Every structure is written in structure tokens, then in C-alpha cells.
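Undergrad: Before we start, here is the structure in question, set down as C-alpha cells.
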Amino acid sequence: MKGSLVAAAAAAALPVVIGSPDSDPTLTDDAASCTVTEYASISSAVASCTNIVLSDISAPPSSTIDLQGLQTGAVVTFAGTTTFGTTVDSSFDPIVISGTNYTITGAEGHIIDGNGQAYWDGQGSNGGGAKPNHFVVVKKTTNGAITNLNIQNWPVHCFSITGCQGLSISGLTLNNTAGDEPNDASDGDPAAHNSDGFDIASSDYVTLDNIKVYNQDDCVAVTSGTHITVNNMFCSGGHGLSIGSIGGKSNNTLDGVIFSNSQIVDSSNGCRIKTNSNTTGTVNDITYQNITLSNIDTYGIDVQQDYLNGGPTGEPTNGVSISNIKFIDVTGTATEKAYNYYVLCGNGSCSNFTYEGVSITGGGKGGSCNFPDSGCPS
């Protein structure tokens, strides 16, 4: 029966090949190994196998690759090319992952293609046509690992990470450069929009390491949680390494984030902290260390407390406290139309900012900092 586990193969300690009766399984010592070649068989593999290969999966429209029921310690490997049918629905999540002690990884040469070209209209989640808002949703995870994935052409936000306690993500390449150019629907703007690489919320002990992101929005955006480490990133074309925006969400407490040993190139912003106007929250203990910037066209270092509906008002509010912020060895260049430094704090809501070895040059607008009293770094 197509999609069922073949009893004879299990008895002979062969891997189970699900969804492809013509496949030629190789010998293995683990009868719980399954290779899946058709979307409809994924749920059977998730329920019964601990070592799963998803090979050349073509997910039909409105069909999530659902990895929420993984057995403890399961390993899932994406192989070949994974594709998705067009689903005109902002609440649709193409890939969902949760579980305990799992590993999600990719075989050599694999690609996960999000079919972004079917949706991109230059507006992302701000308007235009409906499109999947989050491509990979990682939630309710305890001690998970996601490694060595190659993802391209996601529709809007790539990774949404919520409710995780212990998550390591490393060795990924996220490439959305196909969305850099305008298309017939984007009115001269880049076709892809709101294409964040990683959005992290309400999660503790999360590590990102050795990752390349080519996109049109935040490389990483952290909005709540504790003990979050972002190391050895290469961010190109987007909005840099961001805290926020904070305020007005279900969780508005962020305590303990380290961004380190990373490069941000050809981007709007470098290191950015943003809070929402007339909201409350807490941002504490944030470190940017050994960050190299190149060709930043808006803000090198940016701290703003005046966001409203995603845009600055110029009038900061003080409901979100920002404290114990360190910029250490943040260096590089900005463009003629950019600020090297821009800090706009509310009255009394910022405290204990430290700048050590900071030098951003080239910004034609120089620096504008209302905190600390000593002004912007020299």
C-alpha cells in the first residue's frame, strides 16, 4: 500500500522507502530509517521513524511539511529539491517544526525553494496579495538543532522562532537575491519585501552561528526572550542585526542578547535597536561585538524609540526601557546619504550605553545622538 511501512523490509532491517515503490533501498542497521519521496507519506514517517530523509518533496498547495510530531531524538534530512505549490493565504505555514532533541539538516546539494516569485509584489506582509507570512515556523522546541540547510525564494519572513527552550541553528544559507529586482507587480521596488531571515520571540537559549543571509529586511530580529547568541553571521542586502521592534506585543521583555563576529554589507542598517511609540517593555543587556559594516545606506548604529506602524515619528516615547547596551569593536563604512550613528531615546528611558573601539565613517549625515549626554562616538 503506497505510503505504508513495508513489513518485509522492516523484518530484513532495510530502510523503509515511503511513497516510491520503485526505489532501491540500501542496507542499513536501523529499521526506523525512512526515505520519503511523496508528500502524502510524510506524516507516516514522522509517526514511526527516527531517521527520515525527505527526498525531492513537492508539497501541493495548502500542504504544510508538518514536522511537529517528531519522535524524541529524530533526525530529518532534506535531500534533492523541495518545492511548494502556490497557497494564497497569509496564515499558511509551509514548514512547521517542533519537538525534543531533534536534528533538521540537509544533504549535499539540496535546495528548499519557497516559490517566492509566485507572491512577490513589493509589499510583503504590508499589503498586496495574500502570501504565506512565515516560511519555516519553529516552535515548542526543547534542545533542537537545525543545520546545513539551503533555502531560497521564501515569500515573506523566513524563520519564525517562538516558544523554544534550547535551539541551535548553524551552517545555513538563506538566499533571497532573486527578489532584489522589481517585477511587474512591485511598482519599481524590489519584488521581495519584509523578508526577514530570522525572527526570534519568547525563546531562551537560542544560538545562531555561521549563517549567510541575503535578503531585503532584517537579517536577524529579536523581540523577546533571554540568553540569545548570534555569531558569525554574514548579512547582505537587508536591514542588519536588529533588536525589535519592542512594545505592543504579547511579550515585550528581552534580556541578554549577544551579536558577535559578524559582517553586514550593502544593507540599510548595521546594528539596530527599535522600540514602538507609546508602548511598554524592557530591553536589557544587549551586546554588539566585533561587527564589521560595509556600504550601509541609512544607519550604522541605530537606537530609536519612536516607531509607529513600522515607521519613525521623530518623537520618542519612554515606555520601553533600554539599558546596559554595549557596542564593542563595531567598525566600518556608511554611504553619503547615511548616518554613522543615530540615537533617539525617550526621556529617561535609556541608560548605561558603552562604546569601545567603535568607528563608523563615511556617513554624509554624520551622527545625531540625544543619549548619552556626551553625544555620538567620536
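In the C-alpha cells, the first chain shown is A, the next is B, and so on; residue numbers restart at 1 for each chain, and ligands run from 1 in the order shown.
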Could you list, as a PyMOL selection string, every residue within 12 Å of Thr292 in chain A, counting only C-alpha atoms and ignoring same-chain residues fewer than 5 positions away?

TA: chain A and resi 232-236+240-241+259-267+269-271+300-301+327-334+357-361

Undergrad: List every residue of range 197-264 of chain A that has an atom at most 6 Å from any atom of range 168-179 of chain A, and for each one report the closest atom pair and its distance in Å to one decimal, counting only C-alpha atoms, with rows sorted by chain and then by increasing residue number, as CSV.

TA:
```
residue,atom,partner,partner_atom,distance
A:Val206,CA,A:Ser168,CA,5.9
A:Thr207,CA,A:Ser168,CA,4.8
A:Leu208,CA,A:Ile169,CA,4.9
A:Asp209,CA,A:Ser170,CA,4.7
A:Asn210,CA,A:Gly171,CA,5.1
A:Ile211,CA,A:Leu172,CA,4.9
A:Lys212,CA,A:Thr173,CA,4.8
A:Val213,CA,A:Leu174,CA,4.8
A:Tyr214,CA,A:Asn175,CA,4.9
A:Asn215,CA,A:Asn176,CA,5.0
```

Undergrad: Considering only C-alpha atoms, give me a table of residues in range 97-145 of chain A that are at most 8 Å from range 188-203 of chain A, with the closest atom pair and distance in Å for each, as a tab-separated table.

TA:
```
residue	atom	partner	partner_atom	distance
A:Gly116	CA	A:Ala192	CA	7.8
A:Trp120	CA	A:Ala191	CA	5.1
A:Asp121	CA	A:Ala191	CA	5.3
A:Gly122	CA	A:Ala191	CA	4.3
A:Gln123	CA	A:His193	CA	5.6
A:Gly124	CA	A:His193	CA	4.5
A:Ser125	CA	A:Asn194	CA	6.5
```

Undergrad: Show me, as a list in words, the residues that have an atom within 7 Å of Thr279 in chain A when counting only C-alpha atoms, minus same-chain residues fewer than 4 positions from it.

TA: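 Everything that qualifies: Gly247, Gly248, Gly319 and Val320 of chain A.
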
Undergrad: Kindly save the residues from that selection, with C-alpha atoms included, as a short mmCIF file (atom, residue, chain, number, x, y, z; two decimals), in the first residue's frame.

TA:
```
data_model
loop_
_atom_site.label_atom_id
_atom_site.label_comp_id
_atom_site.auth_asym_id
_atom_site.auth_seq_id
_atom_site.Cartn_x
_atom_site.Cartn_y
_atom_site.Cartn_z
CA GLY A 247 6.42 47.06 22.57
CA GLY A 248 2.77 46.32 21.94
CA GLY A 319 7.57 53.35 27.93
CA VAL A 320 10.22 50.81 26.87
#
```

Undergrad: What parts of range 216-301 of chain A does DSSP call strand (DSSP E)? I'd like the answer as a VMD selection string.

TA: chain A and resid 220 to 222 225 to 236 241 to 246 253 to 265 269 to 276 281 to 296 299 to 301

Undergrad: Nearest to Asn126 in chain A among A:Gly375, A:Ser160, A:Ser250, A:Gly310, with distances taken over only C-alpha atoms: which residue is it?

TA: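 Smallest separation from Asn126 in chain A among the options: A:Gly310.
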
Undergrad: Hey, which of A:Ile151, A:Ala118, A:Gly225, A:Asp217 ends up closest to Gln165 in chain A? Count only C-alpha atoms.

TA: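 When distances to Gln165 in chain A are compared using only C-alpha atoms, the smallest one comes from A:Gly225.
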
Undergrad: Considering only C-alpha atoms, can you say which of A:Gln117, A:Asn340, A:Ser48, A:Thr83 comes closest to Gly367 in chain A?

TA: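 When distances to Gly367 in chain A are compared using only C-alpha atoms, the smallest one comes from A:Asn340.
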
Undergrad: Taking into account only C-alpha atoms, which residue in the set A:Ser62, A:Asn290, A:Asn148, A:Ser374 is nearest to His110 in chain A?

TA: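 Comparing A:Ser62, A:Asn290, A:Asn148, A:Ser374 against His110 in chain A, the winner is A:Asn148.
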
Undergrad: I need the residue nearest Ser245 in chain A from this list: A:Ser55, A:Thr275, A:Asn115, A:Ser43. Use only C-alpha atoms for the distance.

TA: A:Thr275

Undergrad: So that I can see what lies close to Asn276 in chain A, please list as an MDAnalysis selection string the residues with an atom at most 10 Å from it, counting only C-alpha atoms and leaving out residues fewer than 5 positions away in the same chain.

TA: chainID A and resid 244:249 281 304:313 316:320

Undergrad: Which of these, A:Val283, A:Ile57, A:Val230, A:Ala145, has the shortest distance to Ser321 in chain A once you count only C-alpha atoms?

TA: A:Val283

Undergrad: What is the distance between CA of Ser44 in chain A and CA of Asn153 in chain A, in Å to one decimal?

TA: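 These two atoms are separated by 28.1 Å.
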
Undergrad: Just to confirm, what's the straight-line distance from CA of Gly166 in chain A to CA of Ser63 in chain A in Å (one decimal)?

TA: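 Straight-line distance from CA of Gly166 in chain A to CA of Ser63 in chain A works out to 27.8 Å.
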